[in-house]
file data_33.cif (mmCIF, C-alpha atoms)
data_entry
loop_
_atom_site.label_atom_id
_atom_site.label_comp_id
_atom_site.auth_asym_id
_atom_site.auth_seq_id
_atom_site.Cartn_x
_atom_site.Cartn_y
_atom_site.Cartn_z
CA MET E 11 -63.30 -11.08 61.13
CA ASP E 12 -60.67 -9.03 62.94
CA ASP E 13 -58.10 -11.75 62.26
CA LEU E 14 -58.81 -11.54 58.53
CA VAL E 15 -58.40 -7.77 58.59
CA VAL E 16 -55.14 -8.05 60.49
CA ALA E 17 -53.92 -10.74 58.06
CA GLY E 18 -55.00 -8.72 55.05
CA ILE E 19 -52.86 -5.74 56.01
CA PRO E 20 -49.47 -7.46 55.42
CA VAL E 21 -50.78 -9.05 52.21
CA VAL E 22 -51.81 -5.66 50.81
CA ALA E 23 -48.57 -4.15 52.04
CA GLY E 24 -46.59 -6.92 50.34
CA VAL E 25 -48.42 -6.40 47.03
CA LEU E 26 -47.94 -2.63 47.25
CA ALA E 27 -44.27 -3.07 48.09
CA ALA E 28 -43.89 -5.45 45.14
CA PHE E 29 -45.44 -2.86 42.81
CA LEU E 30 -43.20 -0.05 44.10
CA LEU E 31 -40.09 -2.22 43.95
CA ARG E 32 -40.92 -3.25 40.39
CA MET E 33 -41.27 0.41 39.37
CA LEU E 34 -37.95 1.21 41.07
CA LEU E 35 -36.19 -1.66 39.31
CA LYS E 36 -37.72 -0.59 36.00
CA TRP E 37 -36.22 2.87 36.55
CA LEU E 38 -32.86 1.29 37.39
CA GLY E 39 -33.13 -0.82 34.24
CA LYS E 40 -33.43 2.31 32.08
CA HIS E 41 -30.26 3.71 33.64
CA ALA E 42 -28.50 0.37 33.21
CA ASP E 43 -29.28 0.47 29.47
CA ARG E 44 -27.17 3.60 29.16
CA THR E 45 -24.00 1.97 30.46
CA LYS E 46 -21.53 0.10 28.27
CA TRP E 47 -21.40 -2.96 30.50
CA THR E 48 -24.34 -5.29 29.85
CA GLY E 49 -23.88 -7.15 33.13
CA ASP E 50 -25.86 -4.53 35.07
CA ASP E 51 -28.82 -5.09 32.71
CA VAL E 52 -28.70 -8.81 33.54
CA ILE E 53 -28.55 -8.15 37.30
CA VAL E 54 -31.46 -5.70 37.24
CA ALA E 55 -33.55 -8.11 35.11
CA ALA E 56 -32.92 -10.90 37.63
CA LEU E 57 -33.84 -8.65 40.56
CA ARG E 58 -37.07 -7.67 38.81
CA THR E 59 -38.02 -11.33 38.92
CA VAL E 60 -37.14 -12.19 42.51
CA VAL E 61 -37.62 -8.99 44.55
CA PRO E 62 -41.37 -8.36 43.88
CA TRP E 63 -42.17 -12.02 44.49
CA GLY E 64 -40.16 -11.90 47.70
CA ALA E 65 -42.25 -8.98 48.91
CA VAL E 66 -45.51 -10.80 48.11
CA VAL E 67 -44.38 -14.07 49.72
CA GLY E 68 -43.14 -12.16 52.78
CA GLY E 69 -46.53 -10.46 53.16
CA ILE E 70 -48.35 -13.80 52.86
CA ALA E 71 -46.02 -15.38 55.43
CA ILE E 72 -46.71 -12.57 57.91
CA ALA E 73 -50.45 -12.92 57.26
CA ALA E 74 -50.28 -16.69 57.86
CA ALA E 75 -48.47 -16.10 61.14
CA ALA E 76 -51.17 -13.66 62.23
CA LEU E 77 -54.03 -16.10 61.58
CA PRO E 78 -54.98 -18.60 64.31
CA LEU E 79 -53.87 -21.66 62.31
CA THR E 80 -53.02 -25.01 63.79
CA SER E 81 -49.38 -26.03 63.91
CA GLY E 82 -49.90 -28.47 61.03
CA TYR E 83 -51.49 -25.87 58.74
CA GLN E 84 -48.89 -23.32 59.77
CA ARG E 85 -46.08 -25.71 58.96
CA ASN E 86 -47.59 -26.66 55.58
CA THR E 87 -48.19 -23.03 54.68
CA ASN E 88 -44.63 -22.05 55.54
CA GLN E 89 -43.33 -25.02 53.58
CA VAL E 90 -45.34 -24.10 50.48
CA LEU E 91 -44.20 -20.48 50.69
CA THR E 92 -40.59 -21.59 51.17
CA VAL E 93 -40.77 -23.87 48.13
CA LEU E 94 -42.35 -21.07 46.09
CA MET E 95 -39.60 -18.66 47.13
CA ILE E 96 -36.87 -21.21 46.36
CA PHE E 97 -38.40 -21.75 42.92
CA VAL E 98 -38.46 -18.01 42.19
CA VAL E 99 -34.89 -17.54 43.45
CA THR E 100 -33.69 -20.52 41.40
CA VAL E 101 -35.24 -19.22 38.18
CA ALA E 102 -33.85 -15.74 38.81
CA ALA E 103 -30.41 -17.16 39.66
CA ALA E 104 -30.42 -19.27 36.48
CA ARG E 105 -31.22 -16.20 34.40
CA LEU E 106 -28.60 -14.14 36.25
CA VAL E 107 -25.78 -16.68 35.92
CA ALA E 108 -26.62 -17.50 32.29
CA GLY E 109 -26.80 -13.79 31.44
CA LEU E 110 -23.47 -13.06 33.12
CA VAL E 111 -21.84 -15.99 31.31
CA ARG E 112 -23.17 -14.66 28.01
CA THR E 113 -21.89 -11.18 28.86
CA VAL E 114 -18.42 -12.45 29.71
CA THR E 115 -18.17 -14.57 26.57
CA GLN E 116 -19.32 -11.71 24.37
CA SER E 117 -16.73 -9.35 25.84
CA ARG E 118 -13.75 -11.62 25.13
CA SER E 119 -12.48 -12.32 21.65
CA GLY E 120 -10.95 -15.65 22.65
CA VAL E 121 -14.21 -17.05 23.99
CA ALA E 122 -17.34 -18.07 22.14
CA GLY E 123 -19.41 -14.95 22.19
CA SER E 124 -22.62 -16.30 20.72
CA ALA E 125 -22.15 -19.99 21.52
CA THR E 126 -25.03 -21.24 23.71
CA ILE E 127 -23.29 -24.31 25.06
CA PHE E 128 -21.78 -22.59 28.13
CA VAL E 129 -24.99 -20.66 28.80
CA ASN E 130 -27.11 -23.83 28.66
CA ILE E 131 -24.75 -25.80 30.89
CA THR E 132 -24.73 -23.12 33.60
CA ARG E 133 -28.51 -22.73 33.43
CA VAL E 134 -29.08 -26.48 33.81
CA LEU E 135 -26.64 -26.69 36.75
CA VAL E 136 -28.36 -23.85 38.65
CA LEU E 137 -31.83 -25.34 38.03
CA ALA E 138 -30.63 -28.76 39.18
CA ILE E 139 -29.22 -27.30 42.40
CA GLY E 140 -32.50 -25.49 43.04
CA PHE E 141 -34.45 -28.71 42.44
CA LEU E 142 -32.29 -30.57 44.99
CA VAL E 143 -32.79 -27.77 47.55
CA VAL E 144 -36.57 -28.02 47.06
CA LEU E 145 -36.48 -31.77 47.68
CA GLN E 146 -34.39 -31.28 50.80
CA THR E 147 -36.83 -28.62 52.02
CA LEU E 148 -39.75 -31.00 51.55
CA GLY E 149 -37.96 -33.56 53.69
CA ILE E 150 -37.06 -35.86 50.82
CA SER E 151 -33.56 -37.24 51.25
CA ILE E 152 -31.47 -36.64 48.16
CA ALA E 153 -28.69 -39.07 49.12
CA PRO E 154 -30.48 -42.17 47.72
CA MET E 155 -31.37 -40.18 44.60
CA LEU E 156 -27.74 -39.20 44.06
CA THR E 157 -26.71 -42.81 44.56
CA ALA E 158 -29.30 -44.00 42.06
CA LEU E 159 -28.19 -41.35 39.61
CA GLY E 160 -24.59 -42.47 39.99
CA VAL E 161 -25.49 -46.09 39.31
CA GLY E 162 -27.88 -45.27 36.48
CA GLY E 163 -25.47 -42.77 34.99
CA LEU E 164 -23.51 -45.57 33.36
CA ALA E 165 -26.59 -46.88 31.57
CA VAL E 166 -27.57 -43.37 30.51
CA ALA E 167 -24.05 -42.70 29.24
CA LEU E 168 -24.13 -45.88 27.15
CA ALA E 169 -27.53 -44.97 25.73
CA LEU E 170 -26.47 -41.42 24.93
CA GLN E 171 -22.99 -42.03 23.58
CA ASP E 172 -23.44 -39.88 20.48
CA THR E 173 -25.08 -37.04 22.41
CA LEU E 174 -22.38 -37.01 25.09
CA ALA E 175 -19.66 -37.27 22.45
CA ASN E 176 -21.08 -34.19 20.70
CA LEU E 177 -21.38 -32.35 24.03
CA PHE E 178 -17.78 -32.93 25.06
CA ALA E 179 -16.55 -32.32 21.50
CA GLY E 180 -18.28 -28.93 21.54
CA ILE E 181 -16.71 -28.06 24.89
CA HIS E 182 -13.30 -29.15 23.60
CA ILE E 183 -13.66 -27.06 20.42
CA LEU E 184 -14.54 -23.94 22.39
CA ALA E 185 -11.94 -24.52 25.10
CA SER E 186 -9.16 -25.05 22.54
CA LYS E 187 -10.24 -21.84 20.71
CA THR E 188 -9.81 -23.49 17.32
CA VAL E 189 -13.28 -22.40 16.20
CA GLN E 190 -15.42 -19.56 17.50
CA PRO E 191 -18.75 -18.12 16.31
CA GLY E 192 -18.08 -15.64 13.51
CA ASP E 193 -15.14 -17.58 12.07
CA TYR E 194 -15.14 -18.60 8.41
CA ILE E 195 -14.19 -22.27 8.11
CA ARG E 196 -13.82 -24.84 5.35
CA LEU E 197 -13.99 -28.58 6.05
CA SER E 198 -12.13 -31.26 4.14
CA SER E 199 -15.53 -32.61 3.05
CA GLY E 200 -16.22 -29.31 1.21
CA GLU E 201 -18.63 -27.51 3.55
CA GLU E 202 -17.68 -23.92 4.29
CA GLY E 203 -19.20 -20.79 5.75
CA TYR E 204 -19.45 -18.59 8.84
CA VAL E 205 -19.92 -20.33 12.20
CA GLU E 206 -23.22 -19.11 13.61
CA ASP E 207 -23.38 -21.04 16.88
CA ILE E 208 -21.93 -24.01 18.76
CA ASN E 209 -24.46 -25.60 21.09
CA TRP E 210 -24.50 -28.80 23.13
CA ARG E 211 -25.05 -31.06 20.09
CA GLN E 212 -24.15 -29.35 16.82
CA THR E 213 -22.40 -26.48 15.11
CA THR E 214 -24.41 -24.28 12.78
CA VAL E 215 -22.57 -22.83 9.78
CA ARG E 216 -24.04 -20.22 7.42
CA ALA E 217 -22.79 -20.61 3.85
CA LEU E 218 -22.27 -17.65 1.54
CA SER E 219 -25.50 -18.68 -0.18
CA ASN E 220 -27.23 -17.91 3.17
CA ASN E 221 -28.11 -21.57 3.73
CA LEU E 222 -27.51 -23.18 7.12
CA ILE E 223 -25.23 -26.20 7.40
CA VAL E 224 -25.67 -28.29 10.57
CA ILE E 225 -22.57 -30.27 11.59
CA PRO E 226 -22.47 -32.56 14.67
CA ASN E 227 -19.74 -31.43 17.04
CA GLY E 228 -18.12 -34.87 16.98
CA GLU E 229 -17.79 -34.77 13.19
CA LEU E 230 -16.39 -31.24 13.31
CA ALA E 231 -13.77 -32.24 15.90
CA LYS E 232 -12.62 -35.19 13.76
CA SER E 233 -12.51 -33.48 10.37
CA ASN E 234 -9.64 -31.56 8.79
CA MET E 235 -10.56 -27.90 8.80
CA THR E 236 -9.19 -24.57 7.62
CA ASN E 237 -10.08 -21.53 9.73
CA PHE E 238 -9.69 -18.38 7.63
CA MET E 239 -10.10 -16.09 10.67
CA ARG E 240 -7.20 -17.40 12.75
CA PRO E 241 -4.62 -16.48 13.79
CA GLU E 242 -5.85 -13.21 12.28
CA GLN E 243 -8.79 -12.09 10.19
CA GLN E 244 -6.84 -10.42 7.40
CA LEU E 245 -5.45 -12.71 4.72
CA THR E 246 -3.75 -12.59 1.35
CA ILE E 247 -5.06 -13.98 -1.92
CA LEU E 248 -3.19 -14.92 -5.08
CA VAL E 249 -4.20 -13.94 -8.61
CA GLN E 250 -2.41 -15.62 -11.52
CA VAL E 251 -1.60 -13.43 -14.54
CA GLY E 252 0.45 -13.91 -17.72
CA VAL E 253 1.93 -11.52 -20.32
CA ALA E 254 3.52 -11.99 -23.73
CA TYR E 255 7.23 -12.77 -24.11
CA ASP E 256 7.90 -9.47 -25.84
CA SER E 257 6.63 -7.46 -22.84
CA ASP E 258 8.88 -5.21 -20.80
CA LEU E 259 8.69 -6.97 -17.42
CA GLU E 260 9.80 -3.88 -15.49
CA HIS E 261 6.95 -1.97 -17.11
CA VAL E 262 4.52 -4.83 -16.39
CA GLU E 263 5.53 -4.94 -12.72
CA ARG E 264 5.22 -1.18 -12.28
CA VAL E 265 1.78 -0.98 -13.93
CA THR E 266 0.50 -3.99 -11.99
CA CYS E 267 1.66 -2.54 -8.67
CA GLU E 268 -0.09 0.74 -9.48
CA VAL E 269 -3.33 -1.13 -10.12
CA VAL E 270 -2.94 -3.07 -6.87
CA THR E 271 -2.41 0.16 -4.92
CA GLU E 272 -5.48 1.74 -6.51
CA VAL E 273 -7.67 -1.25 -5.73
CA MET E 274 -6.37 -1.56 -2.15
CA THR E 275 -7.20 2.08 -1.39
CA ARG E 276 -10.50 2.34 -3.25
CA ILE E 277 -12.37 -0.96 -2.79
CA GLU E 278 -14.23 -1.68 0.44
CA GLY E 279 -12.86 -4.68 2.32
CA ALA E 280 -9.31 -4.30 0.98
CA VAL E 281 -6.26 -3.57 3.15
CA PRO E 282 -4.98 -0.07 2.25
CA GLU E 283 -1.60 -0.60 3.93
CA HIS E 284 -0.95 -3.78 1.94
CA GLU E 285 2.32 -3.61 0.00
CA PRO E 286 1.84 -4.44 -3.72
CA LEU E 287 3.65 -7.68 -4.56
CA VAL E 288 4.29 -9.15 -8.03
CA ARG E 289 6.32 -12.36 -8.42
CA PHE E 290 7.27 -13.76 -11.84
CA HIS E 291 7.57 -17.53 -11.74
CA THR E 292 6.97 -19.38 -15.05
CA PHE E 293 8.11 -19.43 -18.69
CA GLY E 294 4.95 -20.89 -20.15
CA ASP E 295 4.11 -22.11 -23.65
CA SER E 296 2.76 -18.74 -24.69
CA ARG E 297 3.32 -16.38 -21.76
CA ILE E 298 5.44 -15.41 -18.81
CA GLY E 299 3.39 -16.20 -15.75
CA PHE E 300 3.43 -14.27 -12.49
CA THR E 301 1.45 -14.04 -9.26
CA VAL E 302 -0.14 -10.90 -7.84
CA ILE E 303 -0.63 -10.91 -4.06
CA LEU E 304 -3.60 -8.92 -2.71
CA GLY E 305 -4.59 -8.18 0.89
CA VAL E 306 -8.21 -8.57 2.00
CA GLY E 307 -9.89 -7.74 5.28
CA GLU E 308 -11.73 -11.04 5.62
CA PHE E 309 -12.56 -14.11 3.58
CA SER E 310 -15.76 -13.03 1.82
CA ASP E 311 -14.17 -9.76 0.63
CA GLN E 312 -11.86 -11.61 -1.75
CA PHE E 313 -14.51 -12.15 -4.41
CA ARG E 314 -15.32 -8.45 -4.78
CA ILE E 315 -11.64 -7.48 -4.69
CA LYS E 316 -10.65 -10.06 -7.32
CA HIS E 317 -13.51 -8.87 -9.49
CA GLU E 318 -12.43 -5.21 -9.34
CA PHE E 319 -8.72 -6.01 -9.68
CA ILE E 320 -9.14 -8.09 -12.85
CA LYS E 321 -11.31 -5.41 -14.44
CA GLN E 322 -8.90 -2.61 -13.61
CA LEU E 323 -5.83 -4.63 -14.64
CA HIS E 324 -7.33 -5.57 -18.00
CA LYS E 325 -8.28 -1.95 -18.67
CA ARG E 326 -4.86 -0.64 -17.69
CA TYR E 327 -3.01 -3.28 -19.76
CA ARG E 328 -4.97 -2.26 -22.84
CA GLN E 329 -4.08 1.38 -22.21
CA GLU E 330 -0.38 0.57 -21.73
CA GLY E 331 -0.18 -1.78 -24.72
CA ILE E 332 0.66 -4.84 -22.64
CA ARG E 333 -0.47 -8.03 -24.33
CA VAL E 334 -2.17 -10.85 -22.42
CA PRO E 335 -1.85 -13.77 -24.87
CA ALA E 336 -4.29 -16.62 -24.95
CA PRO E 337 -2.96 -20.01 -26.12
CA THR E 338 -4.56 -21.32 -29.32
CA ARG E 339 -4.27 -24.68 -30.99
CA THR E 340 -3.78 -25.12 -34.74
CA VAL E 341 -3.92 -28.35 -36.71
CA SER E 342 -1.68 -29.01 -39.73
CA LEU E 343 -3.02 -31.53 -42.22
CA GLN E 344 -0.58 -33.17 -44.63
CA GLN E 345 -1.44 -35.84 -47.11
CA GLY E 346 -0.29 -39.22 -45.81
CA ALA E 347 0.82 -37.77 -42.47
CA VAL E 348 -0.66 -37.72 -39.02
CA VAL E 349 -2.32 -34.65 -37.49
CA ILE E 350 0.22 -32.49 -35.64
CA PRO E 351 -1.16 -30.02 -33.05
CA GLN E 352 0.90 -26.91 -32.39
CA GLN E 353 0.73 -24.03 -29.94
CA ARG E 354 0.99 -20.40 -30.96
CA ASP E 355 0.21 -17.04 -29.42
CA ALA E 356 -3.03 -15.26 -30.05
CA VAL E 357 -3.16 -11.96 -31.82
CA ASP E 358 -2.52 -8.72 -30.00
CA LEU E 359 -5.46 -7.65 -27.76
CA THR E 360 -4.54 -3.98 -27.82
CA PRO E 361 -6.47 -1.67 -30.18
#
call {"tool": "encode", "arguments": {"input": "data_33.cif", "output": "structure tokens"}}
result
Amino acid sequence: MDDLVVAGIPVVAGVLAAFLLRMLLKWLGKHADRTKWTGDDVIVAALRTVVPWGAVVGGIAIAAAALPLTSGYQRNTNQVLTVLMIFVVTVAAARLVAGLVRTVTQSRSGVAGSATIFVNITRVLVLAIGFLVVLQTLGISIAPMLTALGVGGLAVALALQDTLANLFAGIHILASKTVQPGDYIRLSSGEEGYVEDINWRQTTVRALSNNLIVIPNGELAKSNMTNFMRPEQQLTILVQVGVAYDSDLEHVERVTCEVVTEVMTRIEGAVPEHEPLVRFHTFGDSRIGFTVILGVGEFSDQFRIKHEFIKQLHKRYRQEGIRVPAPTRTVSLQQGAVVIPQQRDAVDLTP
């Protein structure tokens, strides 16, 4: 009975220490939340997993040493506690390393901030190392296992060709920095949208319609692709306009530039410092064509900016008396002759 009391003291002390340590780490976690660096949150979360368990396991180990156990029971007890502690440390280390990798990738613009492929790879590697340490602790030689894995790896690689191809394609895409989560891309096959995530098998793209498009990494690596976020997020868009031949082109250019400046400074998503650009380029059948160049902050902003620009330009042209002709087709019918189509300008749109 005295032995049980003596053994119970370190167990109770270990549990009490685990409770106090958990409260202390919880307090540290609240302070870590106030800092800008998220790495300290990851470290404290990992310590909250391993430190209390370490205190409990340490108390049980001391209690086992105090009990009059045979050498066999003592050895088995120590082995079980060691394996349990290795398991807890491995899980905590996997969370810590994966969390730090996620923190580093989120803090660097050139690295995949939300891509899970690097996080998953590091987590699997840490868990695999912990599993091998457990086997070695139990007295199981891992050398034959590694040899068998090396021989069987060829068969596994042949059976998982597509999976491995997608894995390495995803790593290549992220390492080359051609595509990162948050980029707006368009494939030659027509799919387009914002890249949500790049994991070990596939890339998830969110279309403007809010639907998810799942693309295998191997297909993404092989396809022709336009990335609208690189080398920079801002881009220019072209709007085609035409005016009548009797228009004063100097007046047209000045009015158009004023509209561009107004839209660039007033509409959300536009680039206020963008210089208004108008370039005449075509003598058409019924109009003089020119291109207006607008600056937008990112790809999806272009639709709203085009919408507002066309409305404002049409309104201003009507106020300034600038005609925007629309081609019409007339048919002349003559007895005994063929039908002859002709082009002519539409009537004036100004009031």
call {"tool": "resolve_selection", "arguments": {"input": "data_33.cif", "expression": "the PyMOL selection byres ((chain E and resi 308) around 10)", "output": "list in words"}}
result
Asp193, Tyr194, Phe238, Met239, Glu242, Gln243, Gln244, Leu245, Thr246, Gly279, Ala280, Val281, Gly305, Val306, Gly307, Phe309, Ser310, Asp311 and Gln312 of chain E
call {"tool": "resolve_selection", "arguments": {"input": "data_33.cif", "expression": "the PyMOL selection byres ((chain E and resi 88-103) around 12)", "output": "PyMOL selection string"}}
result
chain E and resi 52-75+79+81-87+104-110+132-149
call {"tool": "write_last_selection", "arguments": {"input": "data_33.cif", "atoms": "C-alpha atoms", "output": "mmCIF file, in the coordinates of the input"}}
result
data_model
loop_
_atom_site.group_PDB
_atom_site.id
_atom_site.type_symbol
_atom_site.label_atom_id
_atom_site.label_comp_id
_atom_site.auth_asym_id
_atom_site.auth_seq_id
_atom_site.Cartn_x
_atom_site.Cartn_y
_atom_site.Cartn_z
ATOM 1 C CA VAL E 52 -28.700 -8.810 33.540
ATOM 2 C CA ILE E 53 -28.550 -8.150 37.300
ATOM 3 C CA VAL E 54 -31.460 -5.700 37.240
ATOM 4 C CA ALA E 55 -33.550 -8.110 35.110
ATOM 5 C CA ALA E 56 -32.920 -10.900 37.630
ATOM 6 C CA LEU E 57 -33.840 -8.650 40.560
ATOM 7 C CA ARG E 58 -37.070 -7.670 38.810
ATOM 8 C CA THR E 59 -38.020 -11.330 38.920
ATOM 9 C CA VAL E 60 -37.140 -12.190 42.510
ATOM 10 C CA VAL E 61 -37.620 -8.990 44.550
ATOM 11 C CA PRO E 62 -41.370 -8.360 43.880
ATOM 12 C CA TRP E 63 -42.170 -12.020 44.490
ATOM 13 C CA GLY E 64 -40.160 -11.900 47.700
ATOM 14 C CA ALA E 65 -42.250 -8.980 48.910
ATOM 15 C CA VAL E 66 -45.510 -10.800 48.110
ATOM 16 C CA VAL E 67 -44.380 -14.070 49.720
ATOM 17 C CA GLY E 68 -43.140 -12.160 52.780
ATOM 18 C CA GLY E 69 -46.530 -10.460 53.160
ATOM 19 C CA ILE E 70 -48.350 -13.800 52.860
ATOM 20 C CA ALA E 71 -46.020 -15.380 55.430
ATOM 21 C CA ILE E 72 -46.710 -12.570 57.910
ATOM 22 C CA ALA E 73 -50.450 -12.920 57.260
ATOM 23 C CA ALA E 74 -50.280 -16.690 57.860
ATOM 24 C CA ALA E 75 -48.470 -16.100 61.140
ATOM 25 C CA LEU E 79 -53.870 -21.660 62.310
ATOM 26 C CA SER E 81 -49.380 -26.030 63.910
ATOM 27 C CA GLY E 82 -49.900 -28.470 61.030
ATOM 28 C CA TYR E 83 -51.490 -25.870 58.740
ATOM 29 C CA GLN E 84 -48.890 -23.320 59.770
ATOM 30 C CA ARG E 85 -46.080 -25.710 58.960
ATOM 31 C CA ASN E 86 -47.590 -26.660 55.580
ATOM 32 C CA THR E 87 -48.190 -23.030 54.680
ATOM 33 C CA ALA E 104 -30.420 -19.270 36.480
ATOM 34 C CA ARG E 105 -31.220 -16.200 34.400
ATOM 35 C CA LEU E 106 -28.600 -14.140 36.250
ATOM 36 C CA VAL E 107 -25.780 -16.680 35.920
ATOM 37 C CA ALA E 108 -26.620 -17.500 32.290
ATOM 38 C CA GLY E 109 -26.800 -13.790 31.440
ATOM 39 C CA LEU E 110 -23.470 -13.060 33.120
ATOM 40 C CA THR E 132 -24.730 -23.120 33.600
ATOM 41 C CA ARG E 133 -28.510 -22.730 33.430
ATOM 42 C CA VAL E 134 -29.080 -26.480 33.810
ATOM 43 C CA LEU E 135 -26.640 -26.690 36.750
ATOM 44 C CA VAL E 136 -28.360 -23.850 38.650
ATOM 45 C CA LEU E 137 -31.830 -25.340 38.030
ATOM 46 C CA ALA E 138 -30.630 -28.760 39.180
ATOM 47 C CA ILE E 139 -29.220 -27.300 42.400
ATOM 48 C CA GLY E 140 -32.500 -25.490 43.040
ATOM 49 C CA PHE E 141 -34.450 -28.710 42.440
ATOM 50 C CA LEU E 142 -32.290 -30.570 44.990
ATOM 51 C CA VAL E 143 -32.790 -27.770 47.550
ATOM 52 C CA VAL E 144 -36.570 -28.020 47.060
ATOM 53 C CA LEU E 145 -36.480 -31.770 47.680
ATOM 54 C CA GLN E 146 -34.390 -31.280 50.800
ATOM 55 C CA THR E 147 -36.830 -28.620 52.020
ATOM 56 C CA LEU E 148 -39.750 -31.000 51.550
ATOM 57 C CA GLY E 149 -37.960 -33.560 53.690
#
call {"tool": "residues_around", "arguments": {"input": "data_33.cif", "residues": "Arg196 in chain E", "least_positions_apart": "2", "cutoff": "6 Å", "atoms": "all atoms listed in the file", "output": "number ranges by chain"}}
result
E: 201-202, 235-236
call {"tool": "atom_distance", "arguments": {"input": "data_33.cif", "atom1": "CA of Glu285 in chain E", "atom2": "CA of Thr301 in chain E"}}
result
14.0 Å
call {"tool": "resolve_selection", "arguments": {"input": "data_33.cif", "expression": "the PyMOL selection byres ((chain E and resi 294) around 10)", "output": "PDB file with C-alpha atoms, keeping the file's coordinate frame"}}
result
ATOM      1  CA  GLY E 252       0.450 -13.910 -17.720  1.00  0.00           C
ATOM      2  CA  VAL E 253       1.930 -11.520 -20.320  1.00  0.00           C
ATOM      3  CA  ALA E 254       3.520 -11.990 -23.730  1.00  0.00           C
ATOM      4  CA  TYR E 255       7.230 -12.770 -24.110  1.00  0.00           C
ATOM      5  CA  HIS E 291       7.570 -17.530 -11.740  1.00  0.00           C
ATOM      6  CA  THR E 292       6.970 -19.380 -15.050  1.00  0.00           C
ATOM      7  CA  PHE E 293       8.110 -19.430 -18.690  1.00  0.00           C
ATOM      8  CA  ASP E 295       4.110 -22.110 -23.650  1.00  0.00           C
ATOM      9  CA  SER E 296       2.760 -18.740 -24.690  1.00  0.00           C
ATOM     10  CA  ARG E 297       3.320 -16.380 -21.760  1.00  0.00           C
ATOM     11  CA  ILE E 298       5.440 -15.410 -18.810  1.00  0.00           C
ATOM     12  CA  GLY E 299       3.390 -16.200 -15.750  1.00  0.00           C
ATOM     13  CA  PRO E 337      -2.960 -20.010 -26.120  1.00  0.00           C
TER      14      PRO E 337
END
call {"tool": "atom_distance", "arguments": {"input": "data_33.cif", "atom1": "CA of Gln190 in chain E", "atom2": "CA of Thr173 in chain E"}}
result
20.6 Å
call {"tool": "closest_residue", "arguments": {"input": "data_33.cif", "among": "E:Val224, E:Leu35, E:Ala217, E:Leu323", "to": "Thr266 in chain E", "atoms": "all atoms listed in the file"}}
result
E:Leu323
call {"tool": "atom_distance", "arguments": {"input": "data_33.cif", "atom1": "CA of Phe313 in chain E", "atom2": "CA of Glu330 in chain E"}}
result
25.7 Å
call {"tool": "closest_residue", "arguments": {"input": "data_33.cif", "among": "E:Leu287, E:Gly24, E:Tyr327, E:Pro282", "to": "Cys267 in chain E", "atoms": "all atoms listed in the file"}}
result
E:Leu287
call {"tool": "closest_residue", "arguments": {"input": "data_33.cif", "among": "E:Pro286, E:Gly180, E:Gly200, E:Gly192", "to": "Asn227 in chain E", "atoms": "only C-alpha atoms"}}
result
E:Gly180
call {"tool": "closest_residue", "arguments": {"input": "data_33.cif", "among": "E:Leu197, E:Ile332, E:Val189, E:Val273", "to": "Leu259 in chain E", "atoms": "all atoms listed in the file"}}
result
E:Ile332
call {"tool": "closest_residue", "arguments": {"input": "data_33.cif", "among": "E:Gln329, E:Ala175, E:Lys187, E:Ile315", "to": "Ile247 in chain E", "atoms": "all atoms listed in the file"}}
result
E:Ile315
call {"tool": "residues_near_point", "arguments": {"input": "data_33.cif", "point": "(-6.0, -2.0, -10.5)", "cutoff": "10 Å", "atoms": "only C-alpha atoms", "output": "CSV table (one decimal) with C-alpha atoms, in the coordinates of the input"}}
result
chain,number,residue,atom,x,y,z
E,265,VAL,CA,1.8,-1.0,-13.9
E,266,THR,CA,0.5,-4.0,-12.0
E,267,CYS,CA,1.7,-2.5,-8.7
E,268,GLU,CA,-0.1,0.7,-9.5
E,269,VAL,CA,-3.3,-1.1,-10.1
E,270,VAL,CA,-2.9,-3.1,-6.9
E,271,THR,CA,-2.4,0.2,-4.9
E,272,GLU,CA,-5.5,1.7,-6.5
E,273,VAL,CA,-7.7,-1.2,-5.7
E,274,MET,CA,-6.4,-1.6,-2.2
E,276,ARG,CA,-10.5,2.3,-3.2
E,315,ILE,CA,-11.6,-7.5,-4.7
E,316,LYS,CA,-10.6,-10.1,-7.3
E,318,GLU,CA,-12.4,-5.2,-9.3
E,319,PHE,CA,-8.7,-6.0,-9.7
E,320,ILE,CA,-9.1,-8.1,-12.8
E,321,LYS,CA,-11.3,-5.4,-14.4
E,322,GLN,CA,-8.9,-2.6,-13.6
E,323,LEU,CA,-5.8,-4.6,-14.6
E,324,HIS,CA,-7.3,-5.6,-18.0
E,325,LYS,CA,-8.3,-2.0,-18.7
E,326,ARG,CA,-4.9,-0.6,-17.7
E,327,TYR,CA,-3.0,-3.3,-19.8
call {"tool": "closest_residue", "arguments": {"input": "data_33.cif", "among": "E:Ile183, E:Glu278, E:Ala231, E:Phe290", "to": "Glu260 in chain E", "atoms": "all atoms listed in the file"}}
result
E:Phe290
call {"tool": "axis_aligned_box", "arguments": {"input": "data_33.cif", "around": "range 169-188 of chain E", "padding_each_side": "8 Å", "output": "lines of an AutoDock Vina configuration file"}}
result
center_x = -18.3
center_y = -33.4
center_z = 21.5
size_x = 34.4
size_y = 39.1
size_z = 24.4
call {"tool": "residues_around", "arguments": {"input": "data_33.cif", "residues": "Ser219 in chain E", "least_positions_apart": "3", "cutoff": "10 Å", "atoms": "all atoms listed in the file", "output": "list in words"}}
result
Gly203, Arg216 and Leu222 of chain E
